[in-house]
>>> print(open('coords.pdb').read())   # PDB, C-alpha atoms
ATOM      1  CA  MET A   1      48.746 -47.297 -52.996
ATOM      2  CA  ARG A   2      51.956 -46.446 -51.166
ATOM      3  CA  SER A   3      54.165 -49.349 -50.067
ATOM      4  CA  PHE A   4      56.813 -49.082 -47.360
ATOM      5  CA  PRO A   5      59.998 -51.152 -46.911
ATOM      6  CA  ASP A   6      59.280 -54.368 -44.994
ATOM      7  CA  ARG A   7      61.214 -54.317 -41.715
ATOM      8  CA  THR A   8      59.315 -57.083 -39.912
ATOM      9  CA  GLN A   9      61.978 -59.762 -40.386
ATOM     10  CA  ASP A  10      64.630 -57.424 -38.991
ATOM     11  CA  ILE A  11      62.501 -56.828 -35.901
ATOM     12  CA  ARG A  12      61.803 -60.527 -35.403
ATOM     13  CA  ALA A  13      65.514 -61.264 -35.643
ATOM     14  CA  ALA A  14      66.373 -58.509 -33.174
ATOM     15  CA  ILE A  15      63.603 -59.432 -30.715
ATOM     16  CA  PRO A  16      63.126 -63.211 -31.005
ATOM     17  CA  ASP A  17      61.030 -63.444 -27.828
ATOM     18  CA  LEU A  18      58.345 -61.107 -29.145
ATOM     19  CA  ARG A  19      54.911 -62.769 -28.895
ATOM     20  CA  GLY A  20      52.719 -60.191 -30.600
ATOM     21  CA  THR A  21      51.933 -60.031 -34.302
ATOM     22  CA  LEU A  22      53.899 -57.950 -36.827
ATOM     23  CA  THR A  23      52.367 -57.153 -40.212
ATOM     24  CA  ALA A  24      54.126 -55.282 -43.001
ATOM     25  CA  ASN A  25      52.192 -52.719 -45.043
ATOM     26  CA  ALA A  26      49.046 -53.519 -43.089
ATOM     27  CA  PRO A  27      45.791 -51.899 -44.248
ATOM     28  CA  ALA A  28      45.089 -49.217 -41.667
ATOM     29  CA  ALA A  29      41.697 -48.036 -42.913
ATOM     30  CA  PRO A  30      39.807 -50.850 -41.124
ATOM     31  CA  LEU A  31      41.385 -49.710 -37.833
ATOM     32  CA  SER A  32      39.570 -46.362 -37.717
ATOM     33  CA  TRP A  33      35.838 -45.694 -37.571
ATOM     34  CA  PHE A  34      36.116 -43.400 -40.618
ATOM     35  CA  ARG A  35      37.470 -46.391 -42.611
ATOM     36  CA  THR A  36      39.975 -44.234 -44.475
ATOM     37  CA  GLY A  37      43.737 -44.089 -44.818
ATOM     38  CA  GLY A  38      46.777 -45.707 -46.375
ATOM     39  CA  PRO A  39      48.796 -48.639 -45.008
ATOM     40  CA  ALA A  40      50.868 -48.842 -41.858
ATOM     41  CA  GLN A  41      54.493 -49.689 -42.601
ATOM     42  CA  ILE A  42      54.413 -52.105 -39.655
ATOM     43  CA  LEU A  43      51.382 -52.968 -37.561
ATOM     44  CA  PHE A  44      52.373 -54.366 -34.155
ATOM     45  CA  GLU A  45      49.693 -55.880 -31.943
ATOM     46  CA  PRO A  46      51.402 -56.754 -28.643
ATOM     47  CA  ALA A  47      50.260 -59.789 -26.693
ATOM     48  CA  ASP A  48      50.175 -57.891 -23.385
ATOM     49  CA  GLU A  49      51.947 -55.213 -21.352
ATOM     50  CA  GLU A  50      55.093 -57.328 -20.897
ATOM     51  CA  ASP A  51      55.313 -57.966 -24.642
ATOM     52  CA  LEU A  52      54.891 -54.264 -25.382
ATOM     53  CA  ALA A  53      57.604 -53.376 -22.854
ATOM     54  CA  LEU A  54      59.985 -55.851 -24.530
ATOM     55  CA  PHE A  55      59.327 -54.306 -27.931
ATOM     56  CA  LEU A  56      59.823 -50.759 -26.672
ATOM     57  CA  ALA A  57      63.103 -51.692 -25.001
ATOM     58  CA  GLN A  58      64.620 -53.412 -28.036
ATOM     59  CA  ARG A  59      62.904 -51.860 -31.078
ATOM     60  CA  PRO A  60      64.806 -50.195 -33.955
ATOM     61  CA  ARG A  61      65.218 -46.583 -32.912
ATOM     62  CA  ASP A  62      64.918 -45.205 -36.429
ATOM     63  CA  LEU A  63      61.255 -46.224 -36.736
ATOM     64  CA  PRO A  64      58.700 -43.733 -35.379
ATOM     65  CA  LEU A  65      55.905 -45.065 -33.169
ATOM     66  CA  THR A  66      52.169 -44.356 -33.279
ATOM     67  CA  VAL A  67      49.736 -45.869 -30.779
ATOM     68  CA  ILE A  68      46.014 -46.420 -31.287
ATOM     69  CA  GLY A  69      43.189 -48.286 -29.612
ATOM     70  CA  ARG A  70      39.752 -48.759 -31.158
ATOM     71  CA  GLY A  71      40.204 -45.902 -33.649
ATOM     72  CA  SER A  72      37.043 -43.997 -32.770
ATOM     73  CA  ASN A  73      38.398 -40.436 -32.644
ATOM     74  CA  LEU A  74      41.018 -40.926 -35.336
ATOM     75  CA  LEU A  75      41.659 -39.897 -38.939
ATOM     76  CA  ILE A  76      44.388 -41.854 -40.740
ATOM     77  CA  ARG A  77      45.642 -39.918 -43.751
ATOM     78  CA  ASP A  78      45.715 -41.416 -47.243
ATOM     79  CA  GLY A  79      49.497 -41.636 -47.554
ATOM     80  CA  GLY A  80      49.721 -44.138 -44.739
ATOM     81  CA  LEU A  81      51.898 -44.347 -41.648
ATOM     82  CA  PRO A  82      55.689 -44.757 -41.746
ATOM     83  CA  GLY A  83      57.199 -46.612 -38.813
ATOM     84  CA  VAL A  84      55.340 -48.809 -36.352
ATOM     85  CA  LEU A  85      51.637 -48.536 -35.629
ATOM     86  CA  ILE A  86      51.005 -50.129 -32.224
ATOM     87  CA  ARG A  87      47.426 -51.265 -31.727
ATOM     88  CA  LEU A  88      46.358 -52.129 -28.191
ATOM     89  CA  GLY A  89      43.815 -54.877 -28.732
ATOM     90  CA  ARG A  90      42.699 -58.035 -26.971
ATOM     91  CA  GLY A  91      45.743 -58.232 -24.692
ATOM     92  CA  PHE A  92      44.759 -54.875 -23.162
ATOM     93  CA  ALA A  93      40.986 -55.364 -22.935
ATOM     94  CA  GLN A  94      40.678 -56.936 -19.475
ATOM     95  CA  ILE A  95      38.180 -55.449 -17.013
ATOM     96  CA  ALA A  96      38.053 -56.442 -13.342
ATOM     97  CA  VAL A  97      35.926 -55.335 -10.400
ATOM     98  CA  GLU A  98      37.968 -54.820  -7.232
ATOM     99  CA  ASP A  99      37.169 -54.201  -3.578
ATOM    100  CA  GLY A 100      36.108 -50.742  -2.481
ATOM    101  CA  HIS A 101      33.943 -50.085  -5.557
ATOM    102  CA  ARG A 102      36.904 -49.934  -7.875
ATOM    103  CA  VAL A 103      37.259 -51.075 -11.485
ATOM    104  CA  ARG A 104      40.547 -51.903 -13.211
ATOM    105  CA  ALA A 105      40.546 -51.763 -17.011
ATOM    106  CA  GLY A 106      43.100 -52.245 -19.753
ATOM    107  CA  ALA A 107      43.759 -49.401 -22.167
ATOM    108  CA  GLY A 108      42.168 -51.417 -24.963
ATOM    109  CA  ALA A 109      38.923 -52.054 -23.077
ATOM    110  CA  ALA A 110      35.855 -50.488 -24.675
ATOM    111  CA  ASP A 111      34.495 -47.584 -22.630
ATOM    112  CA  VAL A 112      30.953 -48.942 -22.925
ATOM    113  CA  LYS A 113      32.002 -52.340 -21.538
ATOM    114  CA  VAL A 114      33.677 -50.724 -18.535
ATOM    115  CA  ALA A 115      30.493 -48.763 -17.861
ATOM    116  CA  ARG A 116      28.338 -51.887 -18.167
ATOM    117  CA  ILE A 117      30.486 -54.077 -15.920
ATOM    118  CA  ALA A 118      30.616 -51.341 -13.292
ATOM    119  CA  ALA A 119      26.838 -50.902 -13.440
ATOM    120  CA  GLU A 120      26.176 -54.627 -13.154
ATOM    121  CA  ALA A 121      28.452 -54.697 -10.093
ATOM    122  CA  GLY A 122      26.540 -51.839  -8.454
ATOM    123  CA  ILE A 123      29.359 -49.325  -8.913
ATOM    124  CA  ASP A 124      28.138 -45.793  -9.616
ATOM    125  CA  GLY A 125      30.211 -42.988 -11.143
ATOM    126  CA  LEU A 126      31.249 -44.661 -14.392
ATOM    127  CA  THR A 127      28.014 -44.631 -16.398
ATOM    128  CA  PHE A 128      29.199 -41.541 -18.319
ATOM    129  CA  LEU A 129      31.657 -43.825 -20.136
ATOM    130  CA  ARG A 130      28.667 -45.201 -22.050
ATOM    131  CA  GLY A 131      28.569 -41.895 -23.897
ATOM    132  CA  ILE A 132      32.214 -42.034 -25.034
ATOM    133  CA  PRO A 133      33.053 -44.077 -28.138
ATOM    134  CA  GLY A 134      36.340 -45.937 -28.192
ATOM    135  CA  ALA A 135      38.607 -47.379 -25.525
ATOM    136  CA  ILE A 136      40.024 -46.451 -22.137
ATOM    137  CA  GLY A 137      43.434 -45.436 -23.510
ATOM    138  CA  GLY A 138      41.931 -42.673 -25.606
ATOM    139  CA  ALA A 139      39.673 -41.580 -22.753
ATOM    140  CA  LEU A 140      42.752 -41.234 -20.545
ATOM    141  CA  ARG A 141      44.708 -39.279 -23.152
ATOM    142  CA  MET A 142      41.841 -36.859 -23.832
ATOM    143  CA  ASN A 143      40.234 -36.763 -20.378
ATOM    144  CA  GLY A 144      37.144 -38.117 -22.084
ATOM    145  CA  GLY A 145      33.816 -36.910 -20.778
ATOM    146  CA  ALA A 146      30.091 -37.041 -21.499
ATOM    147  CA  TYR A 147      26.748 -36.703 -19.755
ATOM    148  CA  GLY A 148      28.087 -34.982 -16.666
ATOM    149  CA  GLY A 149      31.235 -37.021 -16.009
ATOM    150  CA  GLU A 150      34.912 -36.957 -16.951
ATOM    151  CA  VAL A 151      37.810 -39.360 -16.508
ATOM    152  CA  LYS A 152      39.470 -36.927 -14.096
ATOM    153  CA  ASP A 153      36.503 -37.371 -11.727
ATOM    154  CA  VAL A 154      37.035 -41.118 -11.247
ATOM    155  CA  LEU A 155      40.644 -41.988 -12.058
ATOM    156  CA  VAL A 156      42.840 -43.294  -9.248
ATOM    157  CA  ALA A 157      45.997 -44.216 -11.166
ATOM    158  CA  VAL A 158      47.303 -45.443 -14.509
ATOM    159  CA  ARG A 159      50.041 -47.804 -15.609
ATOM    160  CA  THR A 160      52.109 -46.468 -18.495
ATOM    161  CA  LEU A 161      55.240 -47.450 -20.414
ATOM    162  CA  ASP A 162      57.807 -44.944 -21.647
ATOM    163  CA  ASN A 163      59.610 -45.301 -24.964
ATOM    164  CA  THR A 164      62.303 -47.491 -23.371
ATOM    165  CA  GLY A 165      59.739 -49.939 -21.989
ATOM    166  CA  ALA A 166      60.083 -48.773 -18.377
ATOM    167  CA  LEU A 167      56.889 -48.961 -16.319
ATOM    168  CA  HIS A 168      55.527 -45.912 -14.503
ATOM    169  CA  VAL A 169      52.469 -45.628 -12.247
ATOM    170  CA  LEU A 170      50.880 -42.163 -12.274
ATOM    171  CA  ASP A 171      48.213 -40.952  -9.880
ATOM    172  CA  ASN A 172      45.390 -38.623 -10.858
ATOM    173  CA  ALA A 173      47.318 -35.455 -10.014
ATOM    174  CA  ALA A 174      50.244 -36.499 -12.218
ATOM    175  CA  MET A 175      47.984 -36.736 -15.266
ATOM    176  CA  GLY A 176      47.660 -32.943 -15.593
ATOM    177  CA  PHE A 177      44.034 -33.144 -16.638
ATOM    178  CA  ALA A 178      42.262 -30.245 -18.317
ATOM    179  CA  TYR A 179      39.303 -30.052 -20.694
ATOM    180  CA  ARG A 180      39.778 -32.870 -23.238
ATOM    181  CA  HIS A 181      43.461 -32.974 -22.397
ATOM    182  CA  SER A 182      46.082 -34.805 -20.371
ATOM    183  CA  ALA A 183      49.552 -33.332 -19.876
ATOM    184  CA  VAL A 184      51.295 -36.734 -19.869
ATOM    185  CA  ALA A 185      54.034 -36.884 -22.524
ATOM    186  CA  VAL A 186      52.790 -38.187 -25.861
ATOM    187  CA  ASP A 187      55.439 -40.935 -25.956
ATOM    188  CA  MET A 188      54.043 -42.511 -22.783
ATOM    189  CA  ILE A 189      51.735 -45.428 -23.589
ATOM    190  CA  PHE A 190      48.842 -46.045 -21.206
ATOM    191  CA  THR A 191      48.292 -49.752 -20.579
ATOM    192  CA  GLN A 192      45.835 -49.888 -17.666
ATOM    193  CA  ALA A 193      43.714 -47.677 -15.424
ATOM    194  CA  LEU A 194      42.165 -47.972 -11.970
ATOM    195  CA  PHE A 195      38.872 -46.152 -11.378
ATOM    196  CA  GLN A 196      37.093 -45.292  -8.131
ATOM    197  CA  GLY A 197      33.309 -45.454  -8.009
ATOM    198  CA  TYR A 198      30.782 -45.532  -5.210
ATOM    199  CA  PRO A 199      27.796 -47.729  -4.270
ATOM    200  CA  GLY A 200      24.829 -47.706  -6.607
ATOM    201  CA  ASP A 201      21.816 -49.778  -7.568
ATOM    202  CA  PRO A 202      22.560 -51.985 -10.595
ATOM    203  CA  GLN A 203      19.087 -51.636 -12.098
ATOM    204  CA  ALA A 204      19.135 -47.863 -11.754
ATOM    205  CA  LEU A 205      22.603 -47.666 -13.280
ATOM    206  CA  LEU A 206      21.688 -49.900 -16.219
ATOM    207  CA  ALA A 207      18.580 -47.775 -16.755
ATOM    208  CA  ARG A 208      20.761 -44.666 -16.793
ATOM    209  CA  MET A 209      23.016 -46.305 -19.386
ATOM    210  CA  GLN A 210      19.970 -47.030 -21.539
ATOM    211  CA  GLU A 211      18.957 -43.376 -21.284
ATOM    212  CA  ILE A 212      22.406 -42.361 -22.502
ATOM    213  CA  THR A 213      22.177 -44.856 -25.366
ATOM    214  CA  GLU A 214      18.822 -43.451 -26.441
ATOM    215  CA  ALA A 215      20.002 -39.856 -26.079
ATOM    216  CA  ARG A 216      23.019 -40.533 -28.293
ATOM    217  CA  SER A 217      20.926 -42.320 -30.911
ATOM    218  CA  SER A 218      18.471 -39.425 -31.099
ATOM    219  CA  THR A 219      21.038 -36.627 -31.324
ATOM    220  CA  GLN A 220      24.205 -38.109 -32.889
ATOM    221  CA  PRO A 221      24.902 -40.053 -36.134
ATOM    222  CA  VAL A 222      26.045 -43.109 -34.191
ATOM    223  CA  ASN A 223      25.423 -45.674 -36.943
ATOM    224  CA  THR A 224      27.580 -43.962 -39.558
ATOM    225  CA  ARG A 225      31.277 -43.870 -40.406
ATOM    226  CA  THR A 226      32.200 -40.991 -38.145
ATOM    227  CA  GLY A 227      34.965 -40.038 -35.753
ATOM    228  CA  GLY A 228      32.825 -38.656 -32.938
ATOM    229  CA  SER A 229      33.108 -35.023 -31.893
ATOM    230  CA  THR A 230      35.301 -33.271 -34.438
ATOM    231  CA  PHE A 231      36.205 -30.063 -32.591
ATOM    232  CA  LYS A 232      36.642 -29.157 -28.945
ATOM    233  CA  ASN A 233      34.061 -26.857 -27.406
ATOM    234  CA  PRO A 234      35.600 -23.378 -27.018
ATOM    235  CA  PRO A 235      35.356 -21.992 -23.447
ATOM    236  CA  GLY A 236      31.751 -21.133 -22.695
ATOM    237  CA  MET A 237      30.570 -22.137 -26.169
ATOM    238  CA  LYS A 238      29.299 -25.152 -28.080
ATOM    239  CA  ALA A 239      31.207 -26.087 -31.216
ATOM    240  CA  TRP A 240      28.088 -27.377 -32.947
ATOM    241  CA  GLU A 241      26.268 -24.072 -32.440
ATOM    242  CA  LEU A 242      29.158 -22.129 -33.992
ATOM    243  CA  ILE A 243      29.262 -24.573 -36.925
ATOM    244  CA  ASP A 244      25.517 -24.329 -37.426
ATOM    245  CA  ALA A 245      25.584 -20.529 -37.274
ATOM    246  CA  ALA A 246      28.319 -20.533 -39.930
ATOM    247  CA  GLY A 247      25.946 -22.347 -42.299
ATOM    248  CA  CYS A 248      27.881 -25.606 -42.304
ATOM    249  CA  ARG A 249      25.101 -28.056 -41.409
ATOM    250  CA  GLY A 250      25.073 -30.642 -44.211
ATOM    251  CA  LEU A 251      28.120 -29.114 -45.950
ATOM    252  CA  GLN A 252      29.767 -31.692 -48.199
ATOM    253  CA  ILE A 253      33.096 -32.312 -49.951
ATOM    254  CA  GLY A 254      33.024 -35.457 -52.052
ATOM    255  CA  GLU A 255      31.405 -38.094 -49.866
ATOM    256  CA  ALA A 256      32.450 -36.368 -46.648
ATOM    257  CA  GLN A 257      29.675 -34.402 -44.960
ATOM    258  CA  VAL A 258      28.970 -32.344 -41.868
ATOM    259  CA  SER A 259      26.231 -34.346 -40.170
ATOM    260  CA  PRO A 260      22.777 -32.775 -40.610
ATOM    261  CA  MET A 261      21.878 -34.363 -37.256
ATOM    262  CA  HIS A 262      24.814 -33.014 -35.213
ATOM    263  CA  CYS A 263      27.054 -30.350 -36.752
ATOM    264  CA  ASN A 264      30.135 -31.338 -34.747
ATOM    265  CA  PHE A 265      30.266 -34.756 -36.428
ATOM    266  CA  LEU A 266      31.790 -35.431 -39.847
ATOM    267  CA  ILE A 267      30.526 -38.424 -41.821
ATOM    268  CA  ASN A 268      32.095 -40.653 -44.460
ATOM    269  CA  HIS A 269      29.231 -41.694 -46.721
ATOM    270  CA  GLY A 270      31.249 -44.588 -48.086
ATOM    271  CA  HIS A 271      34.024 -43.485 -50.401
ATOM    272  CA  ALA A 272      35.357 -40.290 -48.855
ATOM    273  CA  THR A 273      39.126 -40.045 -48.619
ATOM    274  CA  ALA A 274      40.879 -38.856 -45.506
ATOM    275  CA  ALA A 275      41.816 -35.778 -47.561
ATOM    276  CA  ASP A 276      38.111 -35.090 -48.191
ATOM    277  CA  ILE A 277      37.300 -35.367 -44.490
ATOM    278  CA  GLU A 278      40.220 -33.201 -43.400
ATOM    279  CA  ALA A 279      39.491 -30.595 -46.074
ATOM    280  CA  LEU A 280      35.872 -30.473 -44.935
ATOM    281  CA  GLY A 281      36.968 -29.954 -41.341
ATOM    282  CA  GLU A 282      39.313 -27.147 -42.376
ATOM    283  CA  GLU A 283      36.544 -25.492 -44.390
ATOM    284  CA  VAL A 284      34.305 -25.635 -41.320
ATOM    285  CA  ARG A 285      37.071 -24.044 -39.255
ATOM    286  CA  ARG A 286      37.488 -21.287 -41.885
ATOM    287  CA  ARG A 287      33.783 -20.469 -42.003
ATOM    288  CA  VAL A 288      33.412 -20.489 -38.228
ATOM    289  CA  HIS A 289      36.361 -18.115 -37.857
ATOM    290  CA  GLU A 290      34.955 -15.888 -40.589
ATOM    291  CA  THR A 291      31.528 -15.629 -38.943
ATOM    292  CA  SER A 292      32.419 -15.666 -35.225
ATOM    293  CA  GLY A 293      36.139 -14.998 -34.893
ATOM    294  CA  VAL A 294      36.543 -18.310 -33.027
ATOM    295  CA  GLU A 295      39.350 -20.718 -33.960
ATOM    296  CA  LEU A 296      37.988 -24.241 -33.578
ATOM    297  CA  ILE A 297      40.544 -26.807 -32.386
ATOM    298  CA  TRP A 298      40.482 -30.341 -33.760
ATOM    299  CA  GLU A 299      39.472 -32.966 -31.227
ATOM    300  CA  ILE A 300      39.889 -35.787 -33.747
ATOM    301  CA  ARG A 301      43.470 -37.027 -33.872
ATOM    302  CA  ARG A 302      44.923 -36.882 -37.397
ATOM    303  CA  ILE A 303      47.922 -39.098 -38.170
ATOM    304  CA  GLY A 304      49.964 -40.229 -41.159
ATOM    305  CA  LEU A 305      51.119 -38.768 -44.453
ATOM    306  CA  PRO A 306      49.006 -36.936 -47.034
ATOM    307  CA  GLY A 307      48.015 -38.984 -50.065
TER     308      GLY A 307
END
>>> encode(input="coords.pdb", output="structure tokens")
Amino acid sequence: MRSFPDRTQDIRAAIPDLRGTLTANAPAAPLSWFRTGGPAQILFEPADEEDLALFLAQRPRDLPLTVIGRGSNLLIRDGGLPGVLIRLGRGFAQIAVEDGHRVRAGAGAADVKVARIAAEAGIDGLTFLRGIPGAIGGALRMNGGAYGGEVKDVLVAVRTLDNTGALHVLDNAAMGFAYRHSAVAVDMIFTQALFQGYPGDPQALLARMQEITEARSSTQPVNTRTGGSTFKNPPGMKAWELIDAAGCRGLQIGEAQVSPMHCNFLINHGHATAADIEALGEEVRRRVHETSGVELIWEIRRIGLPG
């Protein structure tokens, strides 16, 4: 297992007022739903937005930064992550209902919890979040969508920090939303979002959420080690149909497999390496291009060094 130089004491000395936790050579595999990957040189879990801003303003500039939330749509490579892995956890998980059928949520808040709280408050428009694994930060970055809704449909504004710790508030138009994409610079860290809903009946909304839950359970391998949708849908096409037509349903490399239930999901059956999963995805891309001429684009974010 790779081991990186421990820089945590240097950071603590340089930023004595830091309140978050710093861990050297932290196991990163437990932080992604695939449960793969080498260690993070430094894992930083900020206490809140102010703590994160302090770190960004005073951090060592020679250490690269990587930001994650709940790790649902993420593959961490086996060689681990040099630099600082920032995980937005409990300090970014607040959810609050506001006047005018609005919901404010931290970037670390689970999408499903935001949907549930909105539904219980009689706020329609956010139930689609039940169909998106992970947290609000990832949904913002990827313009997450499912079951007829997308983040771009409901977002009012976001709070974000740049790599110097300066705060910026961006409205919907400034996000540059497109299909599974936001044009905001990758070094901007989303910390909070404000969503606009409209009046709805709580019981009807909760029933709709249950329908989404049942639909996902019947069509997707939700109780496995998976990273969600692997590839973006090409314009006017379905990625899973292209993968199926290329004969990839059930295809396996080591303990990594294309889900027999839903071809656009890759599964870790327990001991797959990140290299196995990535190689399987690349083989799927090769076969799809060979049979259809379509170049599938990864939707799963892949980070870190090869093993």
>>> residues_around(input="coords.pdb", residues="segment 178-195 of chain A", least_positions_apart="5", cutoff="7 Å", atoms="all atoms listed in the file", output="PyMOL selection string")
chain A and resi 49+92+102-107+137+141-144+154-163
>>> residues_around(input="coords.pdb", residues="segment 289-300 of chain A", least_positions_apart="3", cutoff="12 Å", atoms="all atoms listed in the file", output="PyMOL selection string")
chain A and resi 32-34+71-76+138+141-144+179-181+226-248+264-266+277-278+281-286+303
>>> write_last_selection(input="coords.pdb", atoms="C-alpha atoms", output="mmCIF file, in the coordinates of the input")
data_model
loop_
_atom_site.group_PDB
_atom_site.id
_atom_site.type_symbol
_atom_site.label_atom_id
_atom_site.label_comp_id
_atom_site.auth_asym_id
_atom_site.auth_seq_id
_atom_site.Cartn_x
_atom_site.Cartn_y
_atom_site.Cartn_z
ATOM 1 C CA SER A 32 39.570 -46.362 -37.717
ATOM 2 C CA TRP A 33 35.838 -45.694 -37.571
ATOM 3 C CA PHE A 34 36.116 -43.400 -40.618
ATOM 4 C CA GLY A 71 40.204 -45.902 -33.649
ATOM 5 C CA SER A 72 37.043 -43.997 -32.770
ATOM 6 C CA ASN A 73 38.398 -40.436 -32.644
ATOM 7 C CA LEU A 74 41.018 -40.926 -35.336
ATOM 8 C CA LEU A 75 41.659 -39.897 -38.939
ATOM 9 C CA ILE A 76 44.388 -41.854 -40.740
ATOM 10 C CA GLY A 138 41.931 -42.673 -25.606
ATOM 11 C CA ARG A 141 44.708 -39.279 -23.152
ATOM 12 C CA MET A 142 41.841 -36.859 -23.832
ATOM 13 C CA ASN A 143 40.234 -36.763 -20.378
ATOM 14 C CA GLY A 144 37.144 -38.117 -22.084
ATOM 15 C CA TYR A 179 39.303 -30.052 -20.694
ATOM 16 C CA ARG A 180 39.778 -32.870 -23.238
ATOM 17 C CA HIS A 181 43.461 -32.974 -22.397
ATOM 18 C CA THR A 226 32.200 -40.991 -38.145
ATOM 19 C CA GLY A 227 34.965 -40.038 -35.753
ATOM 20 C CA GLY A 228 32.825 -38.656 -32.938
ATOM 21 C CA SER A 229 33.108 -35.023 -31.893
ATOM 22 C CA THR A 230 35.301 -33.271 -34.438
ATOM 23 C CA PHE A 231 36.205 -30.063 -32.591
ATOM 24 C CA LYS A 232 36.642 -29.157 -28.945
ATOM 25 C CA ASN A 233 34.061 -26.857 -27.406
ATOM 26 C CA PRO A 234 35.600 -23.378 -27.018
ATOM 27 C CA PRO A 235 35.356 -21.992 -23.447
ATOM 28 C CA GLY A 236 31.751 -21.133 -22.695
ATOM 29 C CA MET A 237 30.570 -22.137 -26.169
ATOM 30 C CA LYS A 238 29.299 -25.152 -28.080
ATOM 31 C CA ALA A 239 31.207 -26.087 -31.216
ATOM 32 C CA TRP A 240 28.088 -27.377 -32.947
ATOM 33 C CA GLU A 241 26.268 -24.072 -32.440
ATOM 34 C CA LEU A 242 29.158 -22.129 -33.992
ATOM 35 C CA ILE A 243 29.262 -24.573 -36.925
ATOM 36 C CA ASP A 244 25.517 -24.329 -37.426
ATOM 37 C CA ALA A 245 25.584 -20.529 -37.274
ATOM 38 C CA ALA A 246 28.319 -20.533 -39.930
ATOM 39 C CA GLY A 247 25.946 -22.347 -42.299
ATOM 40 C CA CYS A 248 27.881 -25.606 -42.304
ATOM 41 C CA ASN A 264 30.135 -31.338 -34.747
ATOM 42 C CA PHE A 265 30.266 -34.756 -36.428
ATOM 43 C CA LEU A 266 31.790 -35.431 -39.847
ATOM 44 C CA ILE A 277 37.300 -35.367 -44.490
ATOM 45 C CA GLU A 278 40.220 -33.201 -43.400
ATOM 46 C CA GLY A 281 36.968 -29.954 -41.341
ATOM 47 C CA GLU A 282 39.313 -27.147 -42.376
ATOM 48 C CA GLU A 283 36.544 -25.492 -44.390
ATOM 49 C CA VAL A 284 34.305 -25.635 -41.320
ATOM 50 C CA ARG A 285 37.071 -24.044 -39.255
ATOM 51 C CA ARG A 286 37.488 -21.287 -41.885
ATOM 52 C CA ILE A 303 47.922 -39.098 -38.170
#
>>> closest_residue(input="coords.pdb", among="A:Gly145, A:Gly108, A:Gly100, A:Gly89", to="Phe44 of chain A", atoms="only C-alpha atoms")
A:Gly89
>>> residues_around(input="coords.pdb", residues="segment 19-29 of chain A", least_positions_apart="2", cutoff="6 Å", atoms="only C-alpha atoms", output="list of chain:residue names")
A:Asp6, A:Leu31, A:Ser32, A:Arg35, A:Thr36, A:Gly37, A:Pro39, A:Ala40, A:Gln41, A:Ile42, A:Leu43, A:Phe44, A:Glu45, A:Pro46, A:Ala47
>>> resolve_selection(input="coords.pdb", expression="the PyMOL selection byres ((chain A and resi 53) around 8)", output="PyMOL selection string")
chain A and resi 49-52+54-57+161+164-167
>>> atom_distance(input="coords.pdb", atom1="atom CA of Arg59 of chain A", atom2="atom CA of Pro30 of chain A")
25.2 Å
>>> residues_around(input="coords.pdb", residues="segment 200-212 of chain A", least_positions_apart="2", cutoff="6 Å", atoms="all atoms listed in the file", output="MDAnalysis selection string")
chainID A and resid 119:120 122:124 214:215
>>> atom_distance(input="coords.pdb", atom1="atom CA of Ala109 of chain A", atom2="atom CA of Gln94 of chain A")
6.3 Å
>>> residues_around(input="coords.pdb", residues="Arg87 of chain A", least_positions_apart="4", cutoff="6 Å", atoms="only C-alpha atoms", output="PyMOL selection string")
chain A and resi 45+67-69
>>> residues_near_point(input="coords.pdb", point="(32.5, -39.4, -44.9)", cutoff="8 Å", atoms="all atoms listed in the file", output="number ranges by chain")
A: 34, 225-226, 255-257, 266-273, 276-277
>>> resolve_selection(input="coords.pdb", expression="the PyMOL selection byres ((chain A and resi 173) around 10)", output="compact mmCIF listing (two decimals) with C-alpha atoms, keeping the file's coordinate frame")
# COMPACT_ATOMS: atom_id res chain seq x y z
CA LYS A 152 39.47 -36.93 -14.10
CA LEU A 155 40.64 -41.99 -12.06
CA VAL A 156 42.84 -43.29 -9.25
CA ALA A 157 46.00 -44.22 -11.17
CA LEU A 170 50.88 -42.16 -12.27
CA ASP A 171 48.21 -40.95 -9.88
CA ASN A 172 45.39 -38.62 -10.86
CA ALA A 174 50.24 -36.50 -12.22
CA MET A 175 47.98 -36.74 -15.27
CA GLY A 176 47.66 -32.94 -15.59
CA PHE A 177 44.03 -33.14 -16.64
>>> axis_aligned_box(input="coords.pdb", around="segment 155-162 of chain A", padding_each_side="3 Å", output="lines of an AutoDock Vina configuration file")
center_x = 49.2
center_y = -44.9
center_z = -15.4
size_x = 23.2
size_y = 11.8
size_z = 18.4
>>> atom_distance(input="coords.pdb", atom1="atom CA of Val97 of chain A", atom2="atom CA of Gly134 of chain A")
20.1 Å
>>> closest_residue(input="coords.pdb", among="A:Leu65, A:Arg70, A:Arg216, A:Ala275", to="Leu85 of chain A", atoms="only C-alpha atoms")
A:Leu65
>>> resolve_selection(input="coords.pdb", expression="the PyMOL selection byres ((chain A and resi 250) around 9)", output="PDB file with C-alpha atoms, in the coordinates of the input")
ATOM      1  CA  GLY A 247      25.946 -22.347 -42.299  1.00  0.00           C
ATOM      2  CA  CYS A 248      27.881 -25.606 -42.304  1.00  0.00           C
ATOM      3  CA  ARG A 249      25.101 -28.056 -41.409  1.00  0.00           C
ATOM      4  CA  LEU A 251      28.120 -29.114 -45.950  1.00  0.00           C
ATOM      5  CA  GLN A 252      29.767 -31.692 -48.199  1.00  0.00           C
ATOM      6  CA  GLN A 257      29.675 -34.402 -44.960  1.00  0.00           C
ATOM      7  CA  VAL A 258      28.970 -32.344 -41.868  1.00  0.00           C
ATOM      8  CA  SER A 259      26.231 -34.346 -40.170  1.00  0.00           C
ATOM      9  CA  PRO A 260      22.777 -32.775 -40.610  1.00  0.00           C
ATOM     10  CA  MET A 261      21.878 -34.363 -37.256  1.00  0.00           C
ATOM     11  CA  CYS A 263      27.054 -30.350 -36.752  1.00  0.00           C
TER      12      CYS A 263
END
